[in-house]
Amino acid sequence: MDDDIVVVNKPASIPVHPCGRYRHNTVVFVLAKEHNLRNLRTIHRLDRLTSGLLMFGRTPRYARIMEAQIRNRQVNKQYVCRVEGRFPEQTIECNHPIEVVSYKIGVCKVSNKGKNCSTTFQLVGYNEKTNISVVLCFPHSGRMHQIRVHLQYLGFPVKNDPLYNHVVFGPEKGRGGVIGKSDEQLIHDLINIHNAENWLGMDGDSELMPILKDVDVVDEGKKSPPGFKKSESMVEQQHQLQIKGRQANQLQLQYDNALNVSTQTGQDVPDMDFDAEKLTHDPHCYECRVKFRDPKPKDLIMYLHAWKYSGPGWSYETDLPVWANVEWMEPE
């Protein structure tokens with residue numbers, strides 16, 4: 001960190017900035033709240049489940065300089081990932097264009113109608129016991145999910161990619177761009193799977209939740225998606241848990257107020273004292289009825305890490321994650 005830039009090693013599972021259901025548990029809010037680094041300018045982004053090097057500008061001028069370097073492809077980026085299968089030993093360059101299938105749920109595919117992009121891949125090593133390869137990735141452009149989509153197209157998806165390593169893209173998981181269904185059907189299937197499993201690993205869950213409000217949830221006369229409970233007793237239990245959870249957070253909120261830090265705004269935080277009498281609960285309200293499933297530890301990480309960034313006169317890198325070791329064995 002200096003007067004112009006802040007560089008952090010972002011852990012997996014935390015989004016860069018507020019989005020979807022995430023607000024305080026984001027990189028920009030944590031930096032502001034715990035390190036008093038406010039008004040940071042985002043230079044580039046990483047997916048929520050992607051870990052690694054993340055840069056912020058401390059001044060608008062420096063942020064614009066860095067953004068221009070990235071836009072003009074003056075920045076060399078190196079990522080490391082863990083993929084399924086034996087990756088070829090020779091260097092592979094994937095130049096297939098990528099199209100955004102849906103901005104709403106954040107899903108892309110290789111398509112001739114997409115935007116041009118290029119990624120170079122180089123094998124680090126292969127583990128025969130686990131049939132897993134560790135691969136270096138050099139994206140030469142910055143399309144949404146570029147590395148993940150190109151690896152899916154090549155037939156070597158990131159080992160635990162919850163989106164692109166899934167049979168929702170077809171029996172071959174989208175290898176060679178073969179999906180076998182329309183974009184509309186793909187989106188529909190992705191939403192249904194998310195309802196049932198709550199696995200979709202998008203940045204801050206993207207805009208998925210507003211879409212789900214149109215999927216036969218509110219109307220009691222319709223069939224609710226899997227995972228949603230209609231029982232009034234369950235609704236009441238959730239209601240009571242919400243009250244207890246907010247009361248448990250009361251001391252922490254009072255402590256936060258005492259610090260007088262308002263994350264990115266620089267203004268005094270509002271009075272957050274919880275008054276149970278003001279809480280209302282509507283059994284027909286979508287938000288009141290949704291019961292979110294707690295993720296398991298394995299759901300909070302993806303084997304894709306931003307390792308090195310370098311440009312004219314500067315270079316940054318992080319330590320490699322433990323899974324970047326070819327001989328590393330995934331815990332049971």
# chains A, B, ... in the order shown; residues from 1 in each chain; ligands from 1
call {"tool": "closest_atom_pairs", "arguments": {"of": "region 281-332 of chain A", "to": "region 52-57 of chain A", "cutoff": "10 Å", "atoms": "only C-alpha atoms", "output": "CSV"}}
result
residue,atom,partner,partner_atom,distance
A:Leu304,CA,A:Gly52,CA,8.4
A:His305,CA,A:Gly52,CA,5.0
A:Ala306,CA,A:Gly52,CA,4.3
A:Trp307,CA,A:Gly52,CA,5.9
A:Lys308,CA,A:Leu53,CA,6.9
A:Tyr309,CA,A:Leu53,CA,7.5
A:Tyr316,CA,A:Leu53,CA,7.8
A:Glu317,CA,A:Leu53,CA,6.7
A:Thr318,CA,A:Leu53,CA,6.3
A:Asp319,CA,A:Gly52,CA,8.6
A:Leu320,CA,A:Gly52,CA,8.6
A:Pro321,CA,A:Gly52,CA,8.8
call {"tool": "closest_atom_pairs", "arguments": {"of": "region 11-88 of chain A", "to": "region 118-132 of chain A", "cutoff": "6 Å", "atoms": "only C-alpha atoms", "output": "CSV"}}
result
residue,atom,partner,partner_atom,distance
A:Val83,CA,A:Ile132,CA,5.8
A:Glu84,CA,A:Ile132,CA,5.0
A:Gly85,CA,A:Asn131,CA,5.2
call {"tool": "closest_residue", "arguments": {"among": "A:Ile191, A:Arg45, A:Gln152, A:Gln185", "to": "Lys173 (chain A)", "atoms": "only C-alpha atoms"}}
result
A:Gln152
call {"tool": "select_by_dssp", "arguments": {"residues": "region 6-222 of chain A", "states": "alpha helix (DSSP H)", "output": "number ranges by chain"}}
result
A: 27-35, 60-71, 146-154, 183-197, 208-212
call {"tool": "residues_around", "arguments": {"residues": "Pro139 (chain A)", "least_positions_apart": "6", "cutoff": "10 Å", "atoms": "only C-alpha atoms", "output": "NGL selection string"}}
result
:A and (76-79 or 93-94 or 117-121 or 146-147 or 150)
call {"tool": "write_last_selection", "arguments": {"atoms": "N, CA and C atoms", "output": "PDB file, in the first residue's frame"}}
result
ATOM      1  N   ASN A  76       0.093  -7.518 -17.677  1.00  0.00           N
ATOM      2  CA  ASN A  76       0.203  -8.971 -17.783  1.00  0.00           C
ATOM      3  C   ASN A  76      -0.406  -9.610 -16.537  1.00  0.00           C
ATOM      4  N   LYS A  77      -1.338 -10.521 -16.771  1.00  0.00           N
ATOM      5  CA  LYS A  77      -2.047 -11.165 -15.661  1.00  0.00           C
ATOM      6  C   LYS A  77      -1.770 -12.664 -15.682  1.00  0.00           C
ATOM      7  N   GLN A  78      -1.473 -13.215 -14.513  1.00  0.00           N
ATOM      8  CA  GLN A  78      -1.244 -14.648 -14.386  1.00  0.00           C
ATOM      9  C   GLN A  78      -2.156 -15.210 -13.297  1.00  0.00           C
ATOM     10  N   TYR A  79      -2.890 -16.228 -13.669  1.00  0.00           N
ATOM     11  CA  TYR A  79      -3.754 -16.933 -12.734  1.00  0.00           C
ATOM     12  C   TYR A  79      -3.287 -18.385 -12.651  1.00  0.00           C
ATOM     13  N   GLU A  93      -3.535 -21.972 -26.637  1.00  0.00           N
ATOM     14  CA  GLU A  93      -4.123 -20.634 -26.718  1.00  0.00           C
ATOM     15  C   GLU A  93      -5.553 -20.753 -27.214  1.00  0.00           C
ATOM     16  N   CYS A  94      -6.477 -20.232 -26.429  1.00  0.00           N
ATOM     17  CA  CYS A  94      -7.899 -20.282 -26.774  1.00  0.00           C
ATOM     18  C   CYS A  94      -8.354 -18.879 -27.180  1.00  0.00           C
ATOM     19  N   CYS A 117     -11.747 -12.519 -27.526  1.00  0.00           N
ATOM     20  CA  CYS A 117     -10.917 -12.605 -26.332  1.00  0.00           C
ATOM     21  C   CYS A 117      -9.912 -13.728 -26.519  1.00  0.00           C
ATOM     22  N   SER A 118      -8.901 -13.737 -25.676  1.00  0.00           N
ATOM     23  CA  SER A 118      -7.832 -14.718 -25.826  1.00  0.00           C
ATOM     24  C   SER A 118      -7.257 -15.075 -24.466  1.00  0.00           C
ATOM     25  N   THR A 119      -7.005 -16.359 -24.258  1.00  0.00           N
ATOM     26  CA  THR A 119      -6.392 -16.849 -23.026  1.00  0.00           C
ATOM     27  C   THR A 119      -5.345 -17.895 -23.382  1.00  0.00           C
ATOM     28  N   THR A 120      -4.172 -17.792 -22.787  1.00  0.00           N
ATOM     29  CA  THR A 120      -3.118 -18.782 -22.966  1.00  0.00           C
ATOM     30  C   THR A 120      -3.027 -19.644 -21.710  1.00  0.00           C
ATOM     31  N   PHE A 121      -2.898 -20.953 -21.921  1.00  0.00           N
ATOM     32  CA  PHE A 121      -2.827 -21.900 -20.807  1.00  0.00           C
ATOM     33  C   PHE A 121      -1.539 -22.697 -20.894  1.00  0.00           C
ATOM     34  N   GLN A 146     -13.967 -15.240 -18.254  1.00  0.00           N
ATOM     35  CA  GLN A 146     -13.203 -15.657 -19.431  1.00  0.00           C
ATOM     36  C   GLN A 146     -12.418 -16.949 -19.216  1.00  0.00           C
ATOM     37  N   ILE A 147     -11.626 -17.017 -18.148  1.00  0.00           N
ATOM     38  CA  ILE A 147     -10.819 -18.212 -17.906  1.00  0.00           C
ATOM     39  C   ILE A 147     -11.704 -19.428 -17.705  1.00  0.00           C
ATOM     40  N   HIS A 150     -13.387 -20.511 -21.087  1.00  0.00           N
ATOM     41  CA  HIS A 150     -12.435 -21.115 -22.018  1.00  0.00           C
ATOM     42  C   HIS A 150     -12.001 -22.496 -21.552  1.00  0.00           C
TER      43      HIS A 150
END
call {"tool": "atom_distance", "arguments": {"atom1": "CA of Gly142 (chain A)", "atom2": "CA of Arg71 (chain A)"}}
result
8.6 Å
